[in-house]
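Structure first, commentary second.
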Amino acid sequence: MTESGKFQLGTIGALSLSVVSSVSIVICNKALISTLGFHFATTLTSWHLLVTFCSLHVALWMKLFEHKPFDARAVMGFGVLNGISIGLLNLSLGFNSVGFYQMTKLAIIPCTVLLETLFFRKLFSRSIQLSLSVLLMGVGIATVTDLQLNVLGSVLSLLAVLTTCVAQIMTNTIQKRFKVSSTQLLYQSCPYQAMTLFITGPFLDGLLTNENVFAFQYTPQVLVFIVLSCLISVSVNFSTFLVIGKTSPVTYQVLGHLKTCLVLAFGYILLRDPFSWRNILGIMVALVGMLLYSFFCTRETQAKSSEPAPQLSQAKESETDPLISLEGGTAVVPDDDVPKAPIWNSNKDLHDA
């Protein structure tokens, strides 16, 4: 097998791991939250990050990757911002209807496109914009039901979208600017993310659920699912940084909506959740949008790679990161993410990716 063939096989494996682990953790958390009544999503996420950091520390001790310290202020700011974005997403989910929360998640892609266009002069072709529009329309049809508005919930959603977009853009730019791998960035930022959520988690969970995480009855079954959720989260967190670092925040969000569709499908198949023709139609439209996005990105990447070198150096950066793309004749690994907003109850948890 050629080097490019091995690299492409690794790409497919990384994408598969990302999708499988993300869908698995949603199903696991659904059982934990909906069936066993453990509603402390923010606190659970802080445990996820602590276990991820401990796992990476063991990997570092085994010399599976190299520790590369860089700008401490950048790492701290990035880690705290990631933690804040998770907390705001949870608050948005708690103070809004399911439909409005889904609209909040859908707004992340256009907001990311706007920020990258304004501040990074990144160009998005009309074909890419069209495919993203089809994707968002499909996910909206499949997931958005009611749209109950309130001032506090709207403000929280706006802040959640902005912080999430900035955090994901930073995930990409920090890796490229400081030449660190996704593992190195995750290892150094994990403690700040975990500490932010560990401190604020019990307060936010108490505010949203009127329950005390320290007074909860931790049965053996609950503990088993918590441990399982934490173990799966290691793969989820790692793949999140990997996808954003090697592709782009927009491609990461596209992959995230694919997982939303898979969660809906698996929820119906495994958990017998309600499923309608509207869900099926929305998923089909979303899949068409994802295919168009990957096709247009691949086509633009191939066209760009065939340009003469002087033109290439003068060309502005464009959005050419499909789910599996070609760059210089070899496949580019997109990998999958920021820990996603945790799930709150049986009606809401399938709408998180």
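Identifiers in this document derive from the order of the structure tokens: chains are assigned A, B, ..., residues are numbered from 1 separately in each chain, and ligands are numbered from 1 in order of occurrence.
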
Check which residues of region 164-245 of chain A sit at most 8 Å from region 30-44 of chain A using only C-alpha atoms, and return one row each with the closest pair of atoms and their distance in Å to one decimal, ordered by chain and rising number, as CSV.
residue,atom,partner,partner_atom,distance
A:Leu197,CA,A:Thr42,CA,6.5
A:Phe198,CA,A:Thr43,CA,6.1
A:Gly201,CA,A:Thr43,CA,4.5
A:Pro202,CA,A:Thr43,CA,6.0
A:Leu204,CA,A:Thr42,CA,7.2
A:Asp205,CA,A:Phe40,CA,5.3
A:Gly206,CA,A:Phe40,CA,8.0
A:Thr209,CA,A:His39,CA,7.0
A:Val213,CA,A:Phe40,CA,6.5
A:Phe216,CA,A:Phe38,CA,7.9
A:Val222,CA,A:Leu36,CA,6.7
A:Phe225,CA,A:Leu32,CA,6.2
A:Ile226,CA,A:Leu32,CA,7.4

Written file, previous selection with C-alpha atoms, as a compact mmCIF listing (two decimals), in the first residue's frame:
# COMPACT_ATOMS: atom_id res chain seq x y z
CA LEU A 197 -16.51 23.79 34.71
CA PHE A 198 -15.61 22.04 37.96
CA GLY A 201 -20.76 23.22 37.22
CA PRO A 202 -22.56 22.47 40.51
CA LEU A 204 -25.16 25.97 37.00
CA ASP A 205 -26.64 22.50 37.40
CA GLY A 206 -28.39 23.54 40.60
CA THR A 209 -32.39 21.52 37.75
CA VAL A 213 -25.09 17.05 42.59
CA PHE A 216 -27.57 12.65 44.46
CA VAL A 222 -25.21 5.30 37.83
CA PHE A 225 -22.61 4.85 33.24
CA ILE A 226 -20.62 7.83 34.56

DSSP alpha helix (DSSP H) selection over region 15-200 of chain A, as a ChimeraX atom specification: /A:15-30,41-61,72-95,98-106,108-120,126-143,151-177,182-200

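With only C-alpha atoms as the atoms that count, the residue of A:Val161, A:Leu91, A:Leu50, A:Met62 with the shortest distance to Lys105 (chain A) is A:Val161.
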
Leaving out Ser21 (chain A) and any residue of its chain fewer than 4 positions from it, which residues lie within 8 Å of it when counting only C-alpha atoms, given as an mmCIF file with C-alpha atoms, in the first residue's frame?
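Once everything was written out, this is around.cif:
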data_model
loop_
_atom_site.group_PDB
_atom_site.id
_atom_site.type_symbol
_atom_site.label_atom_id
_atom_site.label_comp_id
_atom_site.auth_asym_id
_atom_site.auth_seq_id
_atom_site.Cartn_x
_atom_site.Cartn_y
_atom_site.Cartn_z
ATOM 1 C CA LEU A 17 -13.767 7.045 15.439
ATOM 2 C CA ILE A 25 -21.520 9.290 24.296
ATOM 3 C CA ILE A 232 -15.831 7.653 25.784
ATOM 4 C CA SER A 233 -15.268 11.384 26.285
ATOM 5 C CA SER A 235 -12.022 9.877 22.318
ATOM 6 C CA VAL A 236 -14.603 12.620 21.755
#
